[in-house]
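Notes for the one structure printed next.
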Amino acid sequence: MIKKICNDDAQIFPYIARLPLNMKDNLPIIIQLHGAGERGMGTDKDIGLVEVHGFSHVFTDEAEIECILIQPQCRPDSFWVAHIQELRLFIQEMIRTYNADENRVYLTGLSMGGYGTWYTALAFPELFAAIAPVCGGGMPWMADRLTMPIWAFHGTDDDAVLPSNSIDMINALRRCGRGDDVKFTLKEHVGHNVWEYAYGQELLDWLLAQKKA
């Protein structure tokens with residue numbers, strides 16, 4: 001994969017892109033939202049924080065994956081849920097910039113980014129082929145808006161973001177009649193760092209298998 005840093009002032013959010021060496025049009029695209037500890041100003045000094053956790057450990061320099069990974073950075077004085085409209089514009093911009101497949105756009109995020117994933121998908125469900133919120137939370141009373149496949153993760157021993165945040169979302173989706181296309185991994189004896197178990201080849205394969213009708 002090729003690592004591309006985009007942190008000039010023209011960007012809605014500074015970001016790091018992981019791109020295949022054999023770049024072409026209509027590739028799937030994953031947008032990954034980091035947690036609170038990885039916020040920064042997008043400078044050369046701190047933009048690398050977005051790759052501390054998540055799919056960057058799968059999209060390595062040595063790997064060749066026919067998919068685009070985009071990892072934006074949120075400012076230190078803010079949080080993703082405050083930027084839902086900007087995230088929509090940013091995702092649409094990334095689709096245009098990299099000529100990605102609009103039917104294979106995936107959103108994931110951990111902790112603060114898990115909240116950002118739920119809330120952005122609730123606001124703009126038509127954008128996504130699938131989402132994967134990790135140790136986040138949303139608005140269960142609006143679960144019927146989420147029509148895309150979902151795989152959520154949480155640790156049973158998470159005392160930073162209580163597991164009930166994910167459990168309530170999943171239960172609400174079940175009450176809406178959602179079936180096998182909603183998956184939930186509640187990892188026993190794992191704390192807030194459930195992302196270490198979530199972001200692997202299995203989740204990547206599952207995401208890339210989803211496509212908007």
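We name chains A, B, ... following the order of the structure tokens; residues begin at 1 in each chain, and ligands are numbered from 1 as shown.
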>> Residues within 6 Å of Pro72 (chain A), please, as a ChimeraX atom specification. Count only C-alpha atoms; anything in the same chain fewer than 6 positions from it doesn't count.
In response: /A:13-15
Within 9 Å of region 186-209 of chain A: each region 136-168 of chain A residue with its shortest pair, only C-alpha atoms, as a tab-separated table:
```
residue	atom	partner	partner_atom	distance
A:Pro149	CA	A:Leu207	CA	8.8
A:Trp151	CA	A:Leu203	CA	8.2
A:Ala152	CA	A:Leu186	CA	8.4
A:Phe153	CA	A:Leu186	CA	5.9
A:His154	CA	A:Leu186	CA	5.0
A:Gly155	CA	A:Val190	CA	4.6
A:Thr156	CA	A:Glu188	CA	5.3
A:Asp157	CA	A:Gly191	CA	4.4
A:Asp158	CA	A:Gly191	CA	4.0
A:Asp159	CA	A:His192	CA	6.8
A:Ala160	CA	A:His192	CA	6.3
A:Val161	CA	A:His192	CA	7.0
A:Leu162	CA	A:His192	CA	8.7
A:Pro163	CA	A:Leu186	CA	8.0
A:Ser166	CA	A:Leu186	CA	8.9
A:Ile167	CA	A:Leu186	CA	8.6
```
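Checking A:Met94, A:Pro28, A:Gly177, A:Met139 one by one against Tyr106 (chain A), counting only C-alpha atoms, you find the shortest gap at A:Pro28.
Distance-wise, CA of Cys135 (chain A) and CA of Leu33 (chain A) end up 12.1 Å apart.
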>> If you run DSSP on the backbone here, which positions in region 4-205 of chain A get alpha helix (DSSP H)? Please write them as an NGL selection string.
In response: :A and (84-97 or 112-123 or 164-175 or 195-198 or 201-205)
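Assigned to strand (DSSP E) in region 40-155 of chain A, given DSSP computed from backbone atoms, are Ile68, Leu69, Ile70, Gln71, Pro72, Val105, Tyr106, Leu107, Thr108, Gly109, Leu110, Ala130, Ile131, Ala132, Pro133, Val134, Ile150, Trp151, Ala152, Phe153, His154 and Gly155 of chain A.
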Residues from last step as file, N, CA and C atoms, as a short mmCIF file (atom, residue, chain, number, x, y, z; two decimals), in the first residue's frame:
```cif
data_model
loop_
_atom_site.label_atom_id
_atom_site.label_comp_id
_atom_site.auth_asym_id
_atom_site.auth_seq_id
_atom_site.Cartn_x
_atom_site.Cartn_y
_atom_site.Cartn_z
N ILE A 68 -9.49 1.46 -0.63
CA ILE A 68 -8.93 2.73 -0.17
C ILE A 68 -9.30 2.91 1.30
N LEU A 69 -8.32 3.23 2.12
CA LEU A 69 -8.56 3.52 3.53
C LEU A 69 -8.27 5.00 3.78
N ILE A 70 -9.27 5.72 4.30
CA ILE A 70 -9.14 7.15 4.60
C ILE A 70 -9.29 7.35 6.10
N GLN A 71 -8.29 8.02 6.73
CA GLN A 71 -8.28 8.22 8.17
C GLN A 71 -8.17 9.72 8.48
N PRO A 72 -9.31 10.41 8.63
CA PRO A 72 -9.28 11.84 8.92
C PRO A 72 -8.91 12.10 10.38
N VAL A 105 -19.12 2.14 0.02
CA VAL A 105 -18.56 3.11 0.96
C VAL A 105 -18.85 2.60 2.37
N TYR A 106 -17.80 2.47 3.18
CA TYR A 106 -17.93 1.88 4.51
C TYR A 106 -17.44 2.87 5.56
N LEU A 107 -18.13 2.88 6.69
CA LEU A 107 -17.75 3.78 7.79
C LEU A 107 -17.50 2.95 9.04
N THR A 108 -16.39 3.23 9.70
CA THR A 108 -16.06 2.58 10.96
C THR A 108 -15.35 3.58 11.85
N GLY A 109 -15.32 3.29 13.14
CA GLY A 109 -14.63 4.16 14.07
C GLY A 109 -14.63 3.56 15.45
N LEU A 110 -13.69 4.01 16.28
CA LEU A 110 -13.53 3.44 17.62
C LEU A 110 -13.68 4.51 18.69
N ALA A 130 -22.19 -0.33 4.48
CA ALA A 130 -22.11 -1.02 5.76
C ALA A 130 -21.36 -0.13 6.73
N ILE A 131 -21.59 -0.37 8.04
CA ILE A 131 -20.85 0.35 9.07
C ILE A 131 -20.35 -0.63 10.12
N ALA A 132 -19.28 -0.24 10.82
CA ALA A 132 -18.71 -1.07 11.89
C ALA A 132 -18.32 -0.17 13.06
N PRO A 133 -19.28 0.13 13.96
CA PRO A 133 -18.97 0.96 15.13
C PRO A 133 -18.29 0.12 16.22
N VAL A 134 -17.20 0.64 16.77
CA VAL A 134 -16.42 -0.08 17.78
C VAL A 134 -16.44 0.73 19.08
N ILE A 150 -24.59 -3.99 9.57
CA ILE A 150 -23.85 -3.43 10.70
C ILE A 150 -23.13 -4.54 11.44
N TRP A 151 -21.89 -4.28 11.81
CA TRP A 151 -21.17 -5.16 12.73
C TRP A 151 -20.59 -4.27 13.82
N ALA A 152 -21.12 -4.40 15.04
CA ALA A 152 -20.69 -3.59 16.17
C ALA A 152 -19.84 -4.43 17.12
N PHE A 153 -18.94 -3.76 17.83
CA PHE A 153 -18.03 -4.42 18.78
C PHE A 153 -18.03 -3.66 20.10
N HIS A 154 -17.92 -4.41 21.20
CA HIS A 154 -17.74 -3.80 22.51
C HIS A 154 -17.12 -4.82 23.44
N GLY A 155 -16.40 -4.37 24.45
CA GLY A 155 -15.85 -5.23 25.48
C GLY A 155 -16.75 -5.24 26.70
#
```
>> Can you pull out the residues contacting Thr43 (chain A)? Cut-off 9 Å, using only C-alpha atoms, and skip same-chain residues under 2 positions away; I want them as a ChimeraX atom specification.
In response: /A:7-8,14,40-41,45-48
>> Residues within 12 Å of Glu126 (chain A), please, as a VMD selection string. Count only C-alpha atoms; anything in the same chain fewer than 4 positions from it doesn't count.
In response: chain A and resid 88 92 102 to 107 120 to 122 130 to 131 145 to 149 211 to 213
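One finds CA of Ile91 (chain A) at 22.6 Å from CA of Asp144 (chain A).
All residues of protein, DNA or RNA that reach within 12 Å of Arg175 (chain A), judged by only C-alpha atoms and not counting those fewer than 2 positions away in the chain, are A:Pro140, A:Trp141, A:Met142, A:Ala143, A:Asp144, A:Asp168, A:Met169, A:Ile170, A:Asn171, A:Ala172, A:Leu173, A:Gly177, A:Arg178, A:Gly179, A:Val182.
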How would the residues just chosen look if you wrote them out with N, CA and C atoms as a compact mmCIF listing (two decimals), in the first residue's frame?
```
# COMPACT_ATOMS: atom_id res chain seq x y z
N PRO A 140 -30.82 4.88 20.13
CA PRO A 140 -31.65 3.69 19.87
C PRO A 140 -33.03 4.02 19.32
N TRP A 141 -33.59 5.16 19.73
CA TRP A 141 -34.94 5.51 19.28
C TRP A 141 -35.01 5.86 17.81
N MET A 142 -33.83 5.98 17.16
CA MET A 142 -33.80 6.26 15.73
C MET A 142 -33.23 5.09 14.92
N ALA A 143 -33.18 3.92 15.54
CA ALA A 143 -32.52 2.77 14.91
C ALA A 143 -33.15 2.36 13.59
N ASP A 144 -34.42 2.68 13.39
CA ASP A 144 -35.08 2.27 12.14
C ASP A 144 -34.50 2.99 10.93
N ASP A 168 -27.76 -1.36 23.66
CA ASP A 168 -29.04 -0.67 23.41
C ASP A 168 -29.28 -0.46 21.92
N MET A 169 -28.23 -0.14 21.17
CA MET A 169 -28.39 0.03 19.72
C MET A 169 -28.77 -1.28 19.05
N ILE A 170 -28.08 -2.35 19.43
CA ILE A 170 -28.35 -3.65 18.80
C ILE A 170 -29.76 -4.12 19.15
N ASN A 171 -30.16 -3.97 20.41
CA ASN A 171 -31.51 -4.39 20.81
C ASN A 171 -32.57 -3.60 20.05
N ALA A 172 -32.33 -2.31 19.85
CA ALA A 172 -33.28 -1.48 19.10
C ALA A 172 -33.37 -1.94 17.65
N LEU A 173 -32.25 -2.31 17.07
CA LEU A 173 -32.25 -2.82 15.69
C LEU A 173 -33.00 -4.13 15.60
N GLY A 177 -36.75 -5.55 13.59
CA GLY A 177 -36.84 -6.73 12.73
C GLY A 177 -35.58 -7.05 11.97
N ARG A 178 -34.47 -6.42 12.33
CA ARG A 178 -33.22 -6.70 11.63
C ARG A 178 -32.70 -8.08 11.99
N GLY A 179 -32.11 -8.76 11.00
CA GLY A 179 -31.69 -10.15 11.19
C GLY A 179 -30.20 -10.35 11.10
N VAL A 182 -27.17 -7.76 10.87
CA VAL A 182 -26.72 -7.00 12.03
C VAL A 182 -25.96 -7.95 12.95
```
> Do you have the CA of Asn165 (chain A)-CA of Phe59 (chain A) distance handy?
Replying inline: 28.7 Å
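Each of A:Asp180, A:Glu62, A:Glu51, A:Asp77 was compared to Ala17 (chain A) using only C-alpha atoms, and A:Glu51 turns out to be the nearest.
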